[in-house]
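Listing of model30.txt, compact mmCIF, C-alpha atoms
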# COMPACT_ATOMS: atom_id res chain seq x y z
CA MET J 8 0.00 0.00 0.00
CA THR J 9 1.31 3.45 -1.00
CA ARG J 10 0.11 6.75 0.46
CA ILE J 11 0.52 10.19 -1.14
CA ALA J 12 -0.41 13.40 0.68
CA HIS J 13 -1.64 16.22 -1.54
CA LEU J 14 -1.83 19.88 -0.48
CA SER J 15 -2.03 23.08 -2.46
CA ASP J 16 -2.18 26.88 -2.57
CA LEU J 17 -0.30 27.97 0.55
CA HIS J 18 -0.33 31.65 -0.54
CA LEU J 19 2.16 32.48 2.20
CA SER J 20 1.77 35.86 3.86
CA PRO J 21 2.30 38.64 4.71
CA VAL J 22 2.91 39.77 1.15
CA PRO J 23 5.49 42.57 0.88
CA PHE J 24 4.86 45.56 -1.33
CA PRO J 25 6.51 44.80 -4.71
CA ALA J 26 9.16 47.51 -4.72
CA GLU J 27 12.11 45.42 -5.93
CA TRP J 28 13.58 45.97 -9.39
CA PRO J 29 12.50 45.39 -12.11
CA TRP J 30 9.32 47.21 -11.14
CA ARG J 31 6.23 45.73 -12.82
CA LEU J 32 2.53 46.61 -12.82
CA LYS J 33 1.19 43.08 -12.37
CA PRO J 34 2.66 42.50 -8.86
CA VAL J 35 1.42 45.93 -7.73
CA LEU J 36 -2.12 45.13 -8.84
CA GLY J 37 -1.79 41.70 -7.23
CA TRP J 38 -0.70 43.28 -3.96
CA ILE J 39 -3.72 45.60 -4.02
CA ASN J 40 -6.01 42.62 -4.62
CA TRP J 41 -4.38 40.73 -1.72
CA ARG J 42 -4.94 43.73 0.59
CA ARG J 43 -8.64 43.69 -0.30
CA GLN J 44 -9.04 40.21 1.25
CA PRO J 45 -7.65 40.52 4.79
CA GLY J 46 -7.57 37.29 6.74
CA ALA J 47 -8.35 35.00 3.79
CA HIS J 48 -5.03 33.20 4.20
CA ASP J 49 -3.06 32.73 7.38
CA ASN J 50 0.50 31.47 7.89
CA ALA J 51 -0.46 29.84 11.17
CA MET J 52 -3.09 27.82 9.32
CA ALA J 53 -0.52 26.86 6.67
CA ALA J 54 1.85 25.72 9.42
CA ARG J 55 -0.93 23.60 10.95
CA THR J 56 -1.65 21.99 7.58
CA ILE J 57 2.05 21.26 7.01
CA ALA J 58 2.30 19.73 10.49
CA ALA J 59 -0.80 17.60 9.86
CA VAL J 60 0.60 16.38 6.55
CA ALA J 61 3.90 15.48 8.23
CA ALA J 62 2.04 13.63 10.98
CA ALA J 63 0.02 11.64 8.41
CA GLY J 64 3.15 9.65 7.57
CA ALA J 65 2.61 9.51 3.81
CA ASP J 66 5.23 7.91 1.58
CA HIS J 67 5.40 11.00 -0.65
CA ILE J 68 3.97 14.52 -0.79
CA ALA J 69 2.61 16.45 -3.78
CA VAL J 70 2.27 20.24 -3.52
CA THR J 71 0.24 21.60 -6.42
CA GLY J 72 1.40 25.16 -6.63
CA ASP J 73 0.84 28.74 -5.53
CA LEU J 74 3.22 28.65 -2.60
CA ILE J 75 3.38 32.45 -2.77
CA GLU J 76 1.56 35.44 -4.21
CA LEU J 77 3.67 37.86 -6.29
CA GLY J 78 6.98 36.18 -7.12
CA LEU J 79 9.16 38.38 -4.91
CA THR J 80 12.56 37.30 -3.57
CA ALA J 81 11.44 37.36 0.07
CA GLU J 82 8.44 35.21 -0.79
CA TYR J 83 10.62 32.50 -2.32
CA ALA J 84 12.68 32.34 0.87
CA ALA J 85 9.46 31.66 2.79
CA ALA J 86 8.41 29.10 0.17
CA LYS J 87 11.71 27.26 0.54
CA ALA J 88 11.23 27.06 4.31
CA ALA J 89 7.68 25.72 3.84
CA LEU J 90 8.75 23.01 1.40
CA ALA J 91 11.67 22.06 3.61
CA GLY J 92 9.22 21.72 6.49
CA LEU J 93 7.39 19.03 4.52
CA GLY J 94 10.48 16.90 3.99
CA HIS J 95 13.50 16.21 1.83
CA PRO J 96 13.13 17.36 -1.81
CA ALA J 97 13.40 13.74 -2.94
CA ARG J 98 10.02 12.98 -1.33
CA VAL J 99 8.28 16.32 -1.93
CA ALA J 100 7.10 17.09 -5.47
CA TRP J 101 6.10 20.65 -6.36
CA ALA J 102 3.92 21.57 -9.35
CA PRO J 103 4.41 25.34 -9.93
CA GLY J 104 1.27 27.47 -10.22
CA ASN J 105 0.45 30.81 -11.79
CA HIS J 106 1.36 32.80 -8.66
CA ASP J 107 4.69 30.99 -8.34
CA CYS J 108 5.56 32.01 -11.92
CA TYR J 109 3.98 35.46 -11.75
CA THR J 110 6.29 37.37 -14.12
CA THR J 111 9.14 36.52 -16.48
CA ASP J 112 11.82 37.59 -13.99
CA THR J 113 10.64 34.99 -11.44
CA ARG J 114 12.41 32.15 -13.26
CA ARG J 115 15.81 33.18 -11.94
CA ARG J 116 14.46 33.60 -8.42
CA ILE J 117 12.74 30.22 -8.50
CA ARG J 118 15.87 28.39 -9.56
CA ALA J 119 17.94 30.18 -6.93
CA ALA J 120 15.58 29.42 -4.03
CA LEU J 121 13.65 26.31 -5.09
CA GLY J 122 16.02 24.54 -7.45
CA ASP J 123 16.21 21.49 -5.17
CA TRP J 124 12.54 20.78 -5.92
CA LEU J 125 12.98 20.97 -9.69
CA ALA J 126 13.86 18.05 -11.94
CA PRO J 127 17.18 18.35 -13.83
CA GLY J 128 16.90 20.51 -16.90
CA PRO J 129 18.15 23.63 -18.71
CA ALA J 130 19.74 26.23 -16.46
CA GLY J 131 17.72 29.12 -17.89
CA GLY J 132 14.60 29.90 -19.85
CA ASP J 133 11.20 28.29 -19.50
CA LEU J 134 10.68 26.53 -16.17
CA ARG J 135 8.37 24.05 -17.87
CA ALA J 136 11.40 22.53 -19.60
CA GLN J 137 12.21 20.84 -16.26
CA PHE J 138 8.94 18.91 -16.18
CA PRO J 139 7.42 16.34 -16.01
CA ARG J 140 9.00 15.07 -12.80
CA LEU J 141 8.60 11.34 -12.16
CA ASP J 142 8.68 9.82 -8.66
CA LEU J 143 8.24 6.05 -8.43
CA VAL J 144 6.80 5.52 -4.96
CA GLY J 145 5.76 1.97 -4.17
CA ARG J 146 2.78 1.18 -6.38
CA ALA J 147 2.36 4.79 -7.53
CA ALA J 148 4.06 6.67 -10.35
CA LEU J 149 3.64 10.29 -9.29
CA VAL J 150 3.99 12.54 -12.35
CA THR J 151 4.28 16.26 -11.56
CA LEU J 152 3.61 18.86 -14.25
CA CYS J 153 4.23 22.61 -14.52
CA SER J 154 1.25 24.66 -15.68
CA GLY J 155 2.70 27.86 -14.21
CA THR J 156 4.02 30.25 -16.81
CA PRO J 157 4.11 34.07 -16.93
CA THR J 158 0.94 35.49 -18.48
CA TRP J 159 -0.44 38.94 -19.20
CA THR J 160 -1.43 41.30 -16.41
CA PHE J 161 -5.02 40.23 -15.72
CA SER J 162 -4.56 36.52 -16.44
CA ALA J 163 -4.26 33.60 -14.01
CA GLU J 164 -4.18 31.07 -16.83
CA GLY J 165 -1.88 28.09 -17.07
CA GLU J 166 -0.36 26.26 -20.01
CA LEU J 167 1.69 23.08 -20.25
CA GLY J 168 2.89 23.72 -23.79
CA PRO J 169 3.44 21.20 -26.63
CA ALA J 170 6.96 20.23 -25.54
CA GLN J 171 5.92 19.27 -22.01
CA LEU J 172 2.89 17.39 -23.30
CA ASP J 173 5.14 15.47 -25.68
CA ARG J 174 7.50 14.53 -22.86
CA LEU J 175 4.52 13.47 -20.75
CA ASP J 176 3.23 11.30 -23.61
CA ARG J 177 6.57 9.49 -23.86
CA LEU J 178 6.91 9.16 -20.08
CA LEU J 179 3.49 7.57 -19.66
CA ALA J 180 4.11 5.22 -22.60
CA GLY J 181 7.20 3.93 -20.80
CA LEU J 182 5.48 3.03 -17.53
CA ASP J 183 4.76 -0.62 -16.75
CA ARG J 184 1.08 -0.42 -15.90
CA THR J 185 1.12 -3.89 -14.35
CA LEU J 186 3.42 -2.53 -11.62
CA VAL J 187 2.40 1.10 -10.99
CA LEU J 188 -0.63 3.39 -11.12
CA PRO J 189 0.07 6.84 -12.62
CA VAL J 190 -1.02 9.76 -10.43
CA ILE J 191 -0.82 13.19 -12.11
CA ALA J 192 -0.17 16.34 -10.05
CA ILE J 193 -0.75 19.80 -11.58
CA HIS J 194 -1.83 23.22 -10.35
CA HIS J 195 -4.59 24.09 -12.84
CA PRO J 196 -7.49 21.65 -13.31
CA PRO J 197 -7.79 20.55 -16.95
CA GLU J 198 -11.54 21.18 -16.84
CA ALA J 199 -13.65 23.19 -14.40
CA PRO J 200 -17.18 24.19 -15.44
CA GLY J 201 -17.91 27.84 -14.73
CA LEU J 202 -14.26 28.79 -14.32
CA SER J 203 -13.33 32.10 -15.95
CA ARG J 204 -11.33 31.85 -19.16
CA LEU J 205 -8.80 34.07 -17.42
CA LYS J 206 -8.11 31.24 -14.94
CA ARG J 207 -8.25 28.18 -17.21
CA LEU J 208 -5.62 25.69 -18.30
CA ARG J 209 -5.27 26.67 -21.95
CA ASP J 210 -4.39 23.15 -23.13
CA GLY J 211 -6.58 21.27 -20.66
CA SER J 212 -8.39 19.35 -23.41
CA ALA J 213 -5.09 18.16 -24.86
CA LEU J 214 -3.99 16.97 -21.42
CA LEU J 215 -7.23 15.08 -20.80
CA GLY J 216 -7.01 13.41 -24.21
CA LEU J 217 -3.47 12.27 -23.47
CA LEU J 218 -4.40 10.94 -20.02
CA ALA J 219 -7.36 9.05 -21.47
CA ARG J 220 -5.18 7.50 -24.15
CA HIS J 221 -2.76 6.21 -21.51
CA ARG J 222 -5.60 5.16 -19.13
CA CYS J 223 -4.49 7.46 -16.31
CA PRO J 224 -7.31 7.40 -13.76
CA LEU J 225 -6.32 10.10 -11.28
CA LEU J 226 -5.29 13.76 -11.38
CA LEU J 227 -4.60 15.97 -8.34
CA HIS J 228 -4.89 19.76 -8.65
CA GLY J 229 -5.28 23.03 -6.79
CA HIS J 230 -6.10 26.53 -8.10
CA LEU J 231 -9.82 26.47 -7.25
CA HIS J 232 -9.31 26.63 -3.46
CA GLU J 233 -11.99 23.94 -3.15
CA ALA J 234 -12.14 20.38 -1.93
CA CYS J 235 -13.72 18.91 -5.04
CA ARG J 236 -13.95 15.76 -7.12
CA ARG J 237 -14.99 15.54 -10.76
CA GLU J 238 -15.10 12.54 -13.09
CA VAL J 239 -14.31 13.52 -16.67
CA VAL J 240 -15.01 10.97 -19.39
CA VAL J 241 -12.88 11.25 -22.54
CA ASP J 242 -13.08 8.63 -25.31
CA GLY J 243 -14.70 6.18 -22.91
CA GLN J 244 -12.01 6.60 -20.25
CA THR J 245 -12.69 8.25 -16.88
CA VAL J 246 -10.16 10.67 -15.41
CA THR J 247 -11.00 11.58 -11.81
CA CYS J 248 -9.84 15.12 -10.96
CA ILE J 249 -9.46 15.80 -7.24
CA GLY J 250 -8.89 19.33 -5.99
CA ALA J 251 -7.53 20.40 -2.62
CA PRO J 252 -8.52 23.58 -0.79
CA SER J 253 -5.96 26.24 0.00
CA ALA J 254 -3.67 24.91 2.74
CA SER J 255 -3.75 28.32 4.44
CA ALA J 256 -7.43 29.24 3.99
CA THR J 257 -9.30 30.46 7.05
CA GLY J 258 -12.74 30.15 5.43
CA ARG J 259 -13.55 33.79 6.18
CA HIS J 260 -14.18 34.81 2.57
CA GLY J 261 -16.44 31.98 1.41
CA GLU J 262 -13.68 29.58 0.35
CA ASP J 263 -13.30 26.08 1.76
CA ALA J 264 -11.27 26.00 4.96
CA ALA J 265 -7.79 24.48 4.90
CA GLY J 266 -7.18 20.79 4.43
CA PHE J 267 -5.33 18.18 2.39
CA THR J 268 -5.93 14.86 0.64
CA ILE J 269 -4.52 11.42 1.30
CA VAL J 270 -4.42 9.16 -1.76
CA THR J 271 -3.91 5.45 -1.11
CA VAL J 272 -2.82 3.09 -3.88
CA THR J 273 -3.21 -0.60 -3.09
CA ASP J 274 -1.01 -3.48 -4.24
CA SER J 275 -3.74 -4.36 -6.74
CA LEU J 276 -3.46 -0.80 -8.20
CA SER J 277 -6.86 0.36 -7.01
CA TRP J 278 -7.00 3.75 -5.26
CA THR J 279 -8.95 5.82 -2.78
CA ALA J 280 -8.78 9.51 -1.82
CA GLU J 281 -9.74 10.99 1.54
CA MET J 282 -10.07 14.69 2.31
CA ILE J 283 -8.58 15.63 5.72
CA PRO J 284 -9.56 19.03 7.23
CA THR J 285 -6.75 20.83 8.98
CA GLY J 286 -9.04 21.40 11.97
Can I see the file as structure tokens?
Amino acid sequence: MTRIAHLSDLHLSPVPFPAEWPWRLKPVLGWINWRRQPGAHDNAMAARTIAAVAAAGADHIAVTGDLIELGLTAEYAAAKAALAGLGHPARVAWAPGNHDCYTTDTRRRIRAALGDWLAPGPAGGDLRAQFPRLDLVGRAALVTLCSGTPTWTFSAEGELGPAQLDRLDRLLAGLDRTLVLPVIAIHHPPEAPGLSRLKRLRDGSALLGLLARHRCPLLLHGHLHEACRREVVVDGQTVTCIGAPSASATGRHGEDAAGFTIVTVTDSLSWTAEMIPTG
């Protein structure tokens, strides 16, 4: 039996005013938006969630993005401490989200602070070139993707890109499905009815088609700040998409309160998922 803990969207605070160079409009507008929602996210709650995940004794941990808010240097230092609190980078997989990759200059900062949680890859350029990350954990093949990429000012969209999808296709084709069950971890859900186009995964349909072709039954995501489960049927194959709430959410602004998911994969390659409130 293999157990994977899944948490998401820490949105660590407090968020500093984005005064560092190069000065950009998007972080300033993001900071204003953060100030308009006081108390929505709380570092003490995030710490409680991290402690609960550690106490759950899972074999591996998947963190599906949005560790931070604006992509500032000080935020990445806090993100590094949070990931380190979950465990060694070899057993903690991180799927970058749109807030992690807020602007084009965040790539350098990410590699400097969070490079230990990235798969080997090119030293510069697109962060997505260092994904997918594959962790073989007991009966599970945890495949972590990067949907975080800098977008225009008012967009929270994600995109895997053709190159990452091609690498994912080849990776899944190489798995021995008699030995392991693939579990996909990504920040943006590939499909979410009612979600604004400004928050979507641009190539979500392509991802779902690929997962259906390789008979991948389970996808873990964040982004929505909701504990949710949705079965998506593509070409006769069902992909179950399970979302986690924000790990730091207080529940004061109508969002689900903090929690995390425990996924259990049995020796017969069946699986279950249980939502655990932080409490």
Have a look at J:Ile193, J:Ile117, J:Val187, J:Leu179 and name the one nearest to Leu152 (chain J); count all atoms listed in the file. J:Ile193
Is it possible to get the residues within 10 Å of (5.5, 14.2, -20.6) (coordinates as in the file, counting only C-alpha atoms) written as a PyMOL selection string? chain J and resi 138-141+150-152+167+169-180+214+217
Exercise: region 67-78 of chain J partners within 7 Å, all atoms listed in the file, chain neighbours under 4 positions left out, as number ranges by chain: J: 10-19, 34, 37, 82, 86, 98-109, 113, 192-194, 228-229
Quick one, how far is CA of Leu121 (chain J) from CA of Pro197 (chain J)?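 Distance reported for this atom pair: 25.2 Å.
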Please measure the separation of CA of Val60 (chain J) and CA of Met282 (chain J), giving the value in Å to one decimal. 11.6 Å
What lies within 9 Å of region 38-55 of chain J using only C-alpha atoms, ignoring chain neighbours under 6 positions off, as an MDAnalysis selection string? chainID J and resid 17:25 76:77 89 92 253:262 265 285:286
For Leu226 (chain J): contacts at 9 Å, all atoms listed in the file, fewer than 3 positions along chain excluded, given as a PyMOL selection string: chain J and resi 189-193+196+223+246-250
Could you check how far CA of Arg135 (chain J) sits from CA of Cys153 (chain J), in Å to one decimal? 5.5 Å
Give me, as a PyMOL selection string, all polymer residues having an atom no more than 8 Å from Lys33 (chain J), counting all atoms listed in the file and skipping those fewer than 2 positions away in the same chain. chain J and resi 31+35-37+110+160-161
